[in-house]
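Novice: Contents of final_24.txt (compact mmCIF, C-alpha atoms) are given next:
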# COMPACT_ATOMS: atom_id res chain seq x y z
CA MET A 1 8.05 91.61 7.93
CA ALA A 2 4.34 91.08 7.48
CA VAL A 3 4.58 92.09 3.84
CA HIS A 4 7.35 89.53 3.30
CA ASP A 5 5.25 86.76 4.85
CA VAL A 6 2.29 87.65 2.67
CA THR A 7 4.51 87.56 -0.42
CA VAL A 8 5.91 84.15 0.52
CA ASN A 9 2.47 82.73 1.23
CA ALA A 10 1.18 84.07 -2.08
CA ALA A 11 4.10 82.47 -3.94
CA ALA A 12 3.52 79.21 -2.14
CA SER A 13 -0.13 79.25 -3.06
CA GLU A 14 0.74 79.88 -6.71
CA HIS A 15 3.33 77.03 -6.76
CA PRO A 16 2.16 74.31 -4.32
CA ALA A 17 4.61 71.63 -3.20
CA PRO A 18 4.49 68.40 -5.26
CA ARG A 19 2.44 65.61 -3.69
CA ALA A 20 3.35 61.92 -3.50
CA PRO A 21 1.89 59.89 -6.40
CA VAL A 22 -1.38 58.20 -5.50
CA PRO A 23 -1.48 54.49 -6.51
CA PRO A 24 -4.14 53.63 -9.08
CA PRO A 25 -7.23 51.93 -7.73
CA PRO A 26 -7.30 48.13 -8.03
CA ARG A 27 -8.81 46.66 -11.11
CA PRO A 28 -11.20 43.94 -10.02
CA ARG A 29 -12.07 43.00 -13.58
CA ARG A 30 -8.46 42.14 -14.42
CA ASN A 31 -8.16 40.06 -11.25
CA ARG A 32 -11.36 38.25 -12.09
CA ARG A 33 -10.10 37.50 -15.57
CA ALA A 34 -6.92 36.05 -14.09
CA LEU A 35 -9.03 33.68 -12.00
CA GLU A 36 -11.30 32.62 -14.87
CA PRO A 37 -9.04 29.70 -15.98
CA LEU A 38 -9.51 28.18 -12.53
CA LEU A 39 -13.22 27.88 -13.24
CA TRP A 40 -12.38 25.65 -16.21
CA LEU A 41 -9.44 23.78 -14.71
CA GLY A 42 -11.03 23.28 -11.30
CA PRO A 43 -13.64 20.64 -12.25
CA ALA A 44 -11.17 18.73 -14.43
CA THR A 45 -8.54 18.78 -11.67
CA LEU A 46 -11.10 17.66 -9.10
CA LEU A 47 -12.23 14.85 -11.41
CA ILE A 48 -8.64 13.66 -11.93
CA LEU A 49 -7.92 13.77 -8.21
CA THR A 50 -11.12 11.88 -7.40
CA MET A 51 -11.14 9.29 -10.19
CA VAL A 52 -7.40 8.74 -10.78
CA VAL A 53 -5.12 9.91 -7.99
CA TRP A 54 -7.24 8.89 -5.01
CA PRO A 55 -7.81 5.28 -6.19
CA ILE A 56 -4.08 4.90 -6.84
CA VAL A 57 -3.26 6.19 -3.37
CA GLU A 58 -5.84 3.84 -1.84
CA MET A 59 -4.48 0.94 -3.87
CA VAL A 60 -0.94 1.52 -2.63
CA ARG A 61 -2.14 2.07 0.95
CA THR A 62 -4.14 -1.17 0.91
CA SER A 63 -1.15 -3.08 -0.44
CA LEU A 64 0.78 -1.99 2.65
CA THR A 65 -2.03 -2.85 5.06
CA ARG A 66 -2.96 -6.12 6.72
CA VAL A 67 -6.63 -6.62 5.84
CA SER A 68 -8.87 -9.34 7.26
CA SER A 69 -11.20 -11.49 5.14
CA THR A 70 -14.10 -9.30 6.30
CA GLY A 71 -12.37 -6.11 5.09
CA LEU A 72 -11.18 -4.82 8.48
CA SER A 73 -7.78 -3.18 8.67
CA ARG A 74 -5.36 -4.85 11.07
CA GLY A 75 -2.56 -2.36 10.87
CA PHE A 76 0.54 -1.74 8.78
CA ALA A 77 1.86 -4.81 6.96
CA GLY A 78 4.95 -3.31 5.38
CA ALA A 79 6.18 -5.42 2.49
CA GLY A 80 4.43 -8.52 3.82
CA ASN A 81 1.75 -8.56 1.13
CA TYR A 82 4.37 -8.25 -1.60
CA THR A 83 6.42 -11.04 -0.02
CA ASP A 84 3.37 -13.32 0.05
CA LEU A 85 2.53 -12.38 -3.54
CA PHE A 86 5.95 -13.19 -4.97
CA ALA A 87 5.95 -16.46 -3.02
CA GLU A 88 2.90 -17.66 -4.96
CA GLY A 89 3.86 -20.54 -7.22
CA ASP A 90 1.38 -19.53 -9.93
CA LEU A 91 2.65 -15.94 -10.29
CA PRO A 92 5.49 -16.57 -12.82
CA GLY A 93 3.09 -18.34 -15.18
CA VAL A 94 0.52 -15.58 -14.80
CA LEU A 95 3.10 -12.88 -15.61
CA LEU A 96 4.41 -14.76 -18.65
CA ARG A 97 0.87 -15.41 -19.88
CA THR A 98 0.01 -11.73 -19.45
CA LEU A 99 3.01 -10.75 -21.57
CA VAL A 100 1.99 -13.20 -24.31
CA TRP A 101 -1.61 -11.99 -24.07
CA VAL A 102 -0.74 -8.29 -24.41
CA VAL A 103 1.96 -8.58 -27.08
CA GLY A 104 -0.03 -11.07 -29.17
CA VAL A 105 -3.35 -9.20 -29.08
CA VAL A 106 -1.87 -5.73 -29.66
CA THR A 107 0.43 -6.89 -32.48
CA VAL A 108 -2.28 -8.75 -34.38
CA THR A 109 -4.77 -5.92 -33.79
CA VAL A 110 -2.46 -3.24 -35.17
CA LEU A 111 -1.40 -5.30 -38.21
CA VAL A 112 -4.96 -6.26 -39.16
CA SER A 113 -6.19 -2.71 -38.49
CA LEU A 114 -3.59 -1.34 -40.90
CA GLY A 115 -5.12 -3.41 -43.68
CA LEU A 116 -8.68 -2.56 -42.68
CA ALA A 117 -7.90 1.15 -42.46
CA GLN A 118 -6.34 1.05 -45.91
CA LEU A 119 -9.43 -0.73 -47.23
CA LEU A 120 -11.84 1.72 -45.60
CA ASN A 121 -9.80 4.61 -46.95
CA SER A 122 -10.41 3.49 -50.53
CA ARG A 123 -13.65 3.97 -52.42
CA PHE A 124 -15.78 0.95 -53.22
CA PRO A 125 -19.51 0.16 -53.38
CA GLY A 126 -21.04 -0.16 -49.92
CA GLN A 127 -18.17 1.62 -48.19
CA ARG A 128 -20.52 3.38 -45.76
CA TRP A 129 -22.21 0.12 -44.77
CA VAL A 130 -18.87 -1.56 -44.15
CA ARG A 131 -17.84 1.30 -41.88
CA TRP A 132 -21.08 1.01 -39.94
CA ALA A 133 -20.60 -2.76 -39.63
CA MET A 134 -17.11 -2.18 -38.22
CA ILE A 135 -18.58 -0.21 -35.33
CA VAL A 136 -20.82 -3.08 -34.14
CA PRO A 137 -18.15 -5.06 -32.18
CA TRP A 138 -16.97 -1.81 -30.58
CA ALA A 139 -20.47 -0.58 -29.69
CA SER A 140 -21.53 -3.92 -28.21
CA SER A 141 -20.81 -4.86 -24.62
CA VAL A 142 -17.50 -6.68 -24.22
CA LEU A 143 -19.10 -9.09 -21.77
CA THR A 144 -21.93 -9.85 -24.20
CA THR A 145 -19.46 -10.44 -27.02
CA ALA A 146 -17.40 -12.79 -24.86
CA LEU A 147 -20.49 -14.76 -23.83
CA ILE A 148 -21.58 -15.09 -27.47
CA TRP A 149 -18.18 -16.44 -28.45
CA ARG A 150 -18.27 -18.81 -25.50
CA TRP A 151 -21.56 -20.16 -26.79
CA MET A 152 -20.17 -20.43 -30.33
CA LEU A 153 -17.17 -22.43 -29.04
CA ASN A 154 -19.26 -24.82 -26.93
CA ASN A 155 -18.53 -28.47 -27.70
CA PHE A 156 -22.19 -29.58 -27.50
CA TYR A 157 -24.18 -26.91 -29.34
CA GLY A 158 -21.57 -24.44 -30.58
CA VAL A 159 -21.87 -23.33 -34.19
CA ILE A 160 -18.11 -23.43 -34.76
CA ASN A 161 -17.91 -27.14 -33.99
CA ARG A 162 -20.99 -27.79 -36.12
CA LEU A 163 -19.56 -25.79 -39.04
CA LEU A 164 -16.17 -27.55 -38.90
CA MET A 165 -17.83 -30.95 -38.69
CA ASP A 166 -20.09 -30.16 -41.67
CA LEU A 167 -17.03 -29.11 -43.67
CA GLY A 168 -15.22 -32.33 -42.73
CA VAL A 169 -12.46 -30.60 -40.79
CA LEU A 170 -13.44 -32.29 -37.51
CA ASP A 171 -14.71 -35.80 -36.90
CA ALA A 172 -15.95 -35.03 -33.38
CA PRO A 173 -16.71 -31.83 -31.46
CA VAL A 174 -13.81 -30.21 -29.59
CA ASN A 175 -14.08 -28.54 -26.19
CA TRP A 176 -12.02 -25.51 -27.17
CA LEU A 177 -12.13 -23.79 -23.77
CA ALA A 178 -11.16 -26.85 -21.69
CA ASP A 179 -7.53 -26.97 -22.86
CA PRO A 180 -5.40 -23.96 -21.79
CA GLY A 181 -3.65 -23.61 -25.17
CA PRO A 182 -6.70 -23.41 -27.46
CA ALA A 183 -8.59 -21.47 -24.79
CA LEU A 184 -5.92 -18.76 -24.66
CA VAL A 185 -5.82 -18.55 -28.46
CA ALA A 186 -9.62 -18.30 -28.59
CA MET A 187 -9.68 -15.51 -26.00
CA MET A 188 -6.95 -13.64 -27.85
CA GLY A 189 -9.05 -13.91 -31.00
CA VAL A 190 -12.03 -12.40 -29.19
CA ALA A 191 -9.83 -9.61 -27.81
CA VAL A 192 -8.59 -8.83 -31.32
CA PHE A 193 -12.17 -8.88 -32.62
CA VAL A 194 -13.22 -6.35 -29.96
CA SER A 195 -10.18 -4.11 -30.45
CA LEU A 196 -10.25 -3.91 -34.26
CA PRO A 197 -12.92 -1.21 -34.73
CA PHE A 198 -11.31 1.45 -32.54
CA THR A 199 -7.81 0.80 -33.86
CA SER A 200 -8.97 0.75 -37.48
CA PHE A 201 -10.80 4.06 -37.18
CA VAL A 202 -7.83 5.71 -35.43
CA LEU A 203 -5.55 4.61 -38.28
CA LEU A 204 -8.20 5.60 -40.83
CA ALA A 205 -8.23 9.12 -39.38
CA GLY A 206 -4.45 9.18 -39.68
CA LEU A 207 -4.60 8.05 -43.31
CA GLN A 208 -7.16 10.72 -44.19
CA SER A 209 -4.93 13.42 -42.70
CA ILE A 210 -2.10 12.64 -45.16
CA PRO A 211 -2.18 15.18 -48.04
CA ALA A 212 -2.78 13.71 -51.48
CA GLU A 213 -0.02 15.96 -52.89
CA VAL A 214 2.58 13.85 -51.09
CA TYR A 215 1.55 10.75 -53.02
CA GLU A 216 1.43 12.67 -56.30
CA ALA A 217 5.00 13.90 -55.73
CA ALA A 218 6.10 10.34 -54.96
CA ARG A 219 4.55 9.07 -58.20
CA VAL A 220 6.38 11.77 -60.14
CA ASP A 221 9.63 10.60 -58.53
CA GLY A 222 8.89 7.05 -59.67
CA ALA A 223 7.85 5.51 -56.32
CA GLY A 224 5.64 2.44 -56.63
CA PRO A 225 2.77 1.45 -54.29
CA VAL A 226 4.96 -0.61 -51.95
CA ARG A 227 7.71 1.97 -51.71
CA GLY A 228 5.16 4.76 -51.29
CA TYR A 229 3.47 2.87 -48.45
CA LEU A 230 6.74 2.15 -46.64
CA ALA A 231 8.37 5.53 -47.23
CA ILE A 232 5.35 7.84 -46.98
CA THR A 233 2.29 6.23 -45.41
CA LEU A 234 3.88 4.48 -42.46
CA PRO A 235 6.13 7.38 -41.36
CA LEU A 236 3.27 9.88 -41.58
CA LEU A 237 0.97 7.39 -39.84
CA ARG A 238 3.34 6.99 -36.90
CA PRO A 239 1.50 9.38 -34.50
CA SER A 240 -1.75 7.51 -35.02
CA LEU A 241 0.04 4.18 -34.60
CA VAL A 242 1.55 5.34 -31.30
CA VAL A 243 -1.84 6.43 -29.95
CA ALA A 244 -3.57 3.24 -31.08
CA ALA A 245 -0.85 0.97 -29.69
CA ILE A 246 -0.70 2.68 -26.28
CA ILE A 247 -4.47 2.64 -25.79
CA ASN A 248 -4.61 -1.00 -26.86
CA VAL A 249 -1.81 -1.95 -24.47
CA ILE A 250 -3.68 -0.36 -21.55
CA ASN A 251 -7.03 -1.89 -22.53
CA VAL A 252 -5.70 -5.38 -23.19
CA PHE A 253 -3.54 -5.38 -20.06
CA ASN A 254 -6.60 -4.63 -17.94
CA SER A 255 -9.03 -6.78 -19.94
CA PHE A 256 -11.16 -8.67 -17.43
CA PRO A 257 -14.59 -9.48 -19.00
CA ILE A 258 -13.28 -11.60 -21.89
CA ILE A 259 -11.20 -13.95 -19.74
CA TRP A 260 -13.68 -14.15 -16.89
CA ALA A 261 -16.70 -14.76 -19.11
CA MET A 262 -15.04 -17.43 -21.25
CA THR A 263 -12.86 -19.47 -18.86
CA ARG A 264 -12.78 -17.68 -15.47
CA GLY A 265 -9.02 -18.09 -15.71
CA GLY A 266 -9.33 -21.87 -15.60
CA PRO A 267 -8.76 -24.64 -15.55
CA GLY A 268 -7.16 -23.62 -12.26
CA PHE A 269 -4.94 -20.64 -13.06
CA ALA A 270 -4.00 -21.90 -16.54
CA THR A 271 -5.56 -18.99 -18.47
CA ASP A 272 -5.30 -16.27 -15.83
CA THR A 273 -3.69 -12.91 -16.50
CA THR A 274 -2.73 -10.43 -13.79
CA THR A 275 -6.20 -8.84 -13.85
CA THR A 276 -8.17 -12.03 -13.22
CA TYR A 277 -5.48 -13.34 -10.87
CA LEU A 278 -5.78 -10.37 -8.52
CA TYR A 279 -9.56 -10.85 -8.54
CA LYS A 280 -9.12 -14.46 -7.43
CA LEU A 281 -6.68 -13.41 -4.73
CA ALA A 282 -9.25 -11.00 -3.33
CA PHE A 283 -12.41 -13.11 -3.53
CA ASP A 284 -11.31 -16.75 -3.71
CA ASN A 285 -8.29 -16.61 -1.41
CA GLN A 286 -9.70 -13.77 0.73
CA SER A 287 -6.30 -11.98 0.51
CA VAL A 288 -7.28 -8.36 -0.02
CA GLY A 289 -3.85 -6.96 0.78
CA GLU A 290 -2.13 -9.43 -1.51
CA SER A 291 -4.64 -8.60 -4.25
CA ALA A 292 -3.86 -4.90 -3.82
CA ALA A 293 -0.15 -5.70 -4.11
CA MET A 294 -0.91 -7.52 -7.36
CA ALA A 295 -2.81 -4.45 -8.55
CA VAL A 296 0.21 -2.25 -7.81
CA VAL A 297 2.48 -4.65 -9.71
CA ASN A 298 0.02 -4.68 -12.61
CA PHE A 299 -0.09 -0.87 -12.65
CA GLY A 300 3.72 -0.74 -12.68
CA LEU A 301 3.88 -3.25 -15.54
CA VAL A 302 1.48 -1.18 -17.63
CA LEU A 303 3.54 1.98 -17.06
CA ALA A 304 6.77 0.12 -17.84
CA VAL A 305 5.46 -1.31 -21.12
CA VAL A 306 4.10 2.08 -22.24
CA LEU A 307 7.32 3.91 -21.34
CA VAL A 308 9.49 1.33 -23.10
CA TYR A 309 7.31 1.53 -26.19
CA LEU A 310 7.47 5.34 -26.24
CA ARG A 311 11.24 5.27 -25.82
CA VAL A 312 11.66 2.81 -28.69
CA VAL A 313 9.43 4.94 -30.93
CA ARG A 314 11.30 8.13 -30.02
CA ARG A 315 14.65 6.46 -30.70
CA LYS A 316 13.44 5.38 -34.13
CA GLU A 317 12.26 8.94 -34.86
CA ASP A 318 15.66 10.33 -33.85
CA THR A 319 17.57 7.88 -36.05
CA ALA A 320 15.23 8.35 -39.02
Write out the structure in this file as structure tokens.
Specialist:
Amino acid sequence: MAVHDVTVNAAASEHPAPRAPVPPPPRPRRNRRALEPLLWLGPATLLILTMVVWPIVEMVRTSLTRVSSTGLSRGFAGAGNYTDLFAEGDLPGVLLRTLVWVVGVVTVTVLVSLGLAQLLNSRFPGQRWVRWAMIVPWASSVLTTALIWRWMLNNFYGVINRLLMDLGVLDAPVNWLADPGPALVAMMGVAVFVSLPFTSFVLLAGLQSIPAEVYEAARVDGAGPVRGYLAITLPLLRPSLVVAAIINVINVFNSFPIIWAMTRGGPGFATDTTTTYLYKLAFDNQSVGESAAMAVVNFGLVLAVVLVYLRVVRRKEDTA
């Protein structure tokens, strides 16, 4: 019996029982690599939350709050601020004027920028200097530019009145900014002047990205300059046009310095857009909650215009 036990133990020692598999040790390096993107995304996410999301939340919250003239919160107002806003008699005119302002400035800016981009894309003497000169209105302060144009349009000492009178176009100086019609046209001209450099250079970058071989193939097929521009340049320039138009819509919609520096929205509310109107509601009428409601409406209008524009562009791309 003892011999049998020794034999069994010896066999067991020669062939030990299989053990359960031991899990591999964790790999801290791989886990650290998986967390590395957070180091890059974290600051950008924090910046977006702080500079974009939080102000929007505060804007909506203020529009639903009853705020005193001293800035103290008096509790939940519900839709009261929106009701007071839409009861304002000047609001329909402000909304219509804002639509005219945005559509007019963006349309003229894009059309003129197409010509300027085509000019800057061609070679001519002094091309570099012309490009540098195009940057000046963009690099200058918008407020400073608006004040300069206000001085130029002054009816007493403005150079525009003096020039037109010297040329015999006018018999007497005109107060361009006193009448709402000419004042709005003048401000739209300044807005176009300020917006041209950025839009032109965006379209110029789009033109320079079009391969020259495409135009050579079109010439071989017998396409002339006009047909080549309509059939080749504009379709290939569409991404740049979309970017330029959207950024211009946002900028022009929220343009405050030009209007405030030149007319302050006057006389009365005759040249106000939604941006200057909400400022007057907050500081002239002491209606902070109503002003916040106007800001929410303005934000919604900007999103609506951009989304409609993108949908129209996408529909054209699908049908093309």
Novice: Can I get the residues of segment 183-246 of chain A within 12 Å of segment 138-147 of chain A, each with the closest pair of atoms and their distance in Å to one decimal, using only C-alpha atoms, sorted chain first then ascending number, as CSV?
Specialist:
residue,atom,partner,partner_atom,distance
A:Ala186,CA,A:Ala146,CA,10.2
A:Met187,CA,A:Ala146,CA,8.3
A:Met188,CA,A:Ala146,CA,10.9
A:Gly189,CA,A:Ala146,CA,10.4
A:Val190,CA,A:Ala146,CA,6.9
A:Ala191,CA,A:Ala146,CA,8.7
A:Val192,CA,A:Trp138,CA,11.0
A:Phe193,CA,A:Trp138,CA,8.8
A:Val194,CA,A:Trp138,CA,5.9
A:Ser195,CA,A:Trp138,CA,7.2
A:Leu196,CA,A:Trp138,CA,7.9
A:Pro197,CA,A:Trp138,CA,5.8
A:Phe198,CA,A:Trp138,CA,6.8
A:Thr199,CA,A:Trp138,CA,10.1
A:Ser200,CA,A:Trp138,CA,10.9
A:Phe201,CA,A:Trp138,CA,10.8
Novice: Could you write those residues out with C-alpha atoms, as a JSON list (two decimals), in the frame of the given file?
Specialist:
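That gives us selection.json:
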[["chain", "number", "residue", "atom", "x", "y", "z"],
["A", 186, "ALA", "CA", -9.62, -18.30, -28.59],
["A", 187, "MET", "CA", -9.68, -15.51, -26.00],
["A", 188, "MET", "CA", -6.95, -13.64, -27.85],
["A", 189, "GLY", "CA", -9.05, -13.91, -31.00],
["A", 190, "VAL", "CA", -12.03, -12.40, -29.19],
["A", 191, "ALA", "CA", -9.83, -9.61, -27.81],
["A", 192, "VAL", "CA", -8.59, -8.83, -31.32],
["A", 193, "PHE", "CA", -12.17, -8.88, -32.62],
["A", 194, "VAL", "CA", -13.22, -6.35, -29.96],
["A", 195, "SER", "CA", -10.18, -4.11, -30.45],
["A", 196, "LEU", "CA", -10.25, -3.91, -34.26],
["A", 197, "PRO", "CA", -12.92, -1.21, -34.73],
["A", 198, "PHE", "CA", -11.31, 1.45, -32.54],
["A", 199, "THR", "CA", -7.81, 0.80, -33.86],
["A", 200, "SER", "CA", -8.97, 0.75, -37.48],
["A", 201, "PHE", "CA", -10.80, 4.06, -37.18]]
Novice: For segment 95-121 of chain A versus segment 205-221 of chain A, which residues have an atom no more than 12 Å away, and what is each residue's nearest atom pair and distance in Å rounded to one decimal, using only C-alpha atoms, chain-then-number order, as JSON lines?
Specialist:
{"residue": "A:Ser113", "atom": "CA", "partner": "A:Leu207", "partner_atom": "CA", "distance": 11.9}
{"residue": "A:Leu114", "atom": "CA", "partner": "A:Leu207", "partner_atom": "CA", "distance": 9.7}
{"residue": "A:Gly115", "atom": "CA", "partner": "A:Leu207", "partner_atom": "CA", "distance": 11.5}
{"residue": "A:Leu116", "atom": "CA", "partner": "A:Leu207", "partner_atom": "CA", "distance": 11.4}
{"residue": "A:Ala117", "atom": "CA", "partner": "A:Leu207", "partner_atom": "CA", "distance": 7.7}
{"residue": "A:Gln118", "atom": "CA", "partner": "A:Leu207", "partner_atom": "CA", "distance": 7.7}
{"residue": "A:Leu119", "atom": "CA", "partner": "A:Leu207", "partner_atom": "CA", "distance": 10.8}
{"residue": "A:Leu120", "atom": "CA", "partner": "A:Leu207", "partner_atom": "CA", "distance": 9.9}
{"residue": "A:Asn121", "atom": "CA", "partner": "A:Gln208", "partner_atom": "CA", "distance": 7.2}
Novice: Could you write out that same residue set with C-alpha atoms as a tab-separated table (two decimals), in the coordinates of the input?
Specialist:
chain	number	residue	atom	x	y	z
A	113	SER	CA	-6.19	-2.71	-38.49
A	114	LEU	CA	-3.59	-1.34	-40.90
A	115	GLY	CA	-5.12	-3.41	-43.68
A	116	LEU	CA	-8.68	-2.56	-42.68
A	117	ALA	CA	-7.90	1.15	-42.46
A	118	GLN	CA	-6.34	1.05	-45.91
A	119	LEU	CA	-9.43	-0.73	-47.23
A	120	LEU	CA	-11.84	1.72	-45.60
A	121	ASN	CA	-9.80	4.61	-46.95
Novice: Rounded to one decimal in Å, what is the spacing between atom CA of Pro37 of chain A and atom CA of Val243 of chain A?
Specialist: 28.1 Å
Novice: From the set A:Trp129, A:Trp40, A:Phe269, A:Phe86, which residue has the shortest atom-to-atom contact distance to Met294 of chain A, counting all atoms listed in the file?
Specialist: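 Selected residue with least distance to Met294 of chain A: A:Phe86.
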Novice: Between atom CA of Gly104 of chain A and atom CA of Ala244 of chain A, what is the distance, to one decimal in Å?
Specialist: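 So the answer is 14.9 Å.
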Novice: Pick from A:Ala295, A:Ser122, A:Asp272, A:Val306: nearest to Ile56 of chain A, with only C-alpha atoms counted?
Specialist: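 Nearest candidate to Ile56 of chain A out of A:Ala295, A:Ser122, A:Asp272, A:Val306: A:Ala295.
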Novice: With distances taken over all atoms listed in the file, which residue among A:Asn161, A:Ser291, A:Thr263, A:Thr109 lies nearest Tyr82 of chain A?
Specialist: A:Ser291
Novice: For Asp84 of chain A, please output as a list in words all residues within 10 Å (counting only C-alpha atoms; exclusion window: fewer than 2 positions along the same chain).
Specialist: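 Counting only the stated atoms, we get Ala79, Gly80, Asn81, Tyr82, Phe86, Ala87, Glu88, Ser287, Gly289, Glu290 and Ala293 of chain A.
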Novice: Rounded to one decimal in Å, what is the spacing between atom CA of Leu91 of chain A and atom CA of Ala292 of chain A?
Specialist: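 Answer for the atom CA of Leu91 of chain A to atom CA of Ala292 of chain A separation: 14.4 Å.
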Novice: Using only C-alpha atoms, which of A:Arg150, A:Arg33, A:Asn251, A:Ala245 sits nearest Val108 of chain A?
Specialist: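 Looking only at the distances to Val108 of chain A, the closest residue turns out to be A:Ala245.
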Novice: Quick one: residues within 12 Å of Ala172 of chain A, all atoms listed in the file, excluding same-chain residues fewer than 4 positions away - as a count of residues only?
Specialist: 11
Novice: Which one of A:Val100, A:Gly78, A:Pro235, A:Ile250 sits closest to Arg66 of chain A if you count all atoms listed in the file?
Specialist: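 Among the listed residues, A:Gly78 lies closest to Arg66 of chain A.
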Novice: Point out the residue among A:Leu35, A:Ile258, A:Leu41, A:Leu85 with the least atom-to-atom distance to Asn285 of chain A, counting all atoms listed in the file.
Specialist: A:Leu85
Novice: At a cut-off of 12 Å, using all atoms listed in the file, what residues contact Gly268 of chain A? Leave out same-chain residues fewer than 5 positions from it and give the result as an NGL selection string.
Specialist: :A and (90 or 93-94 or 178-180 or 263 or 276-277 or 280 or 284)
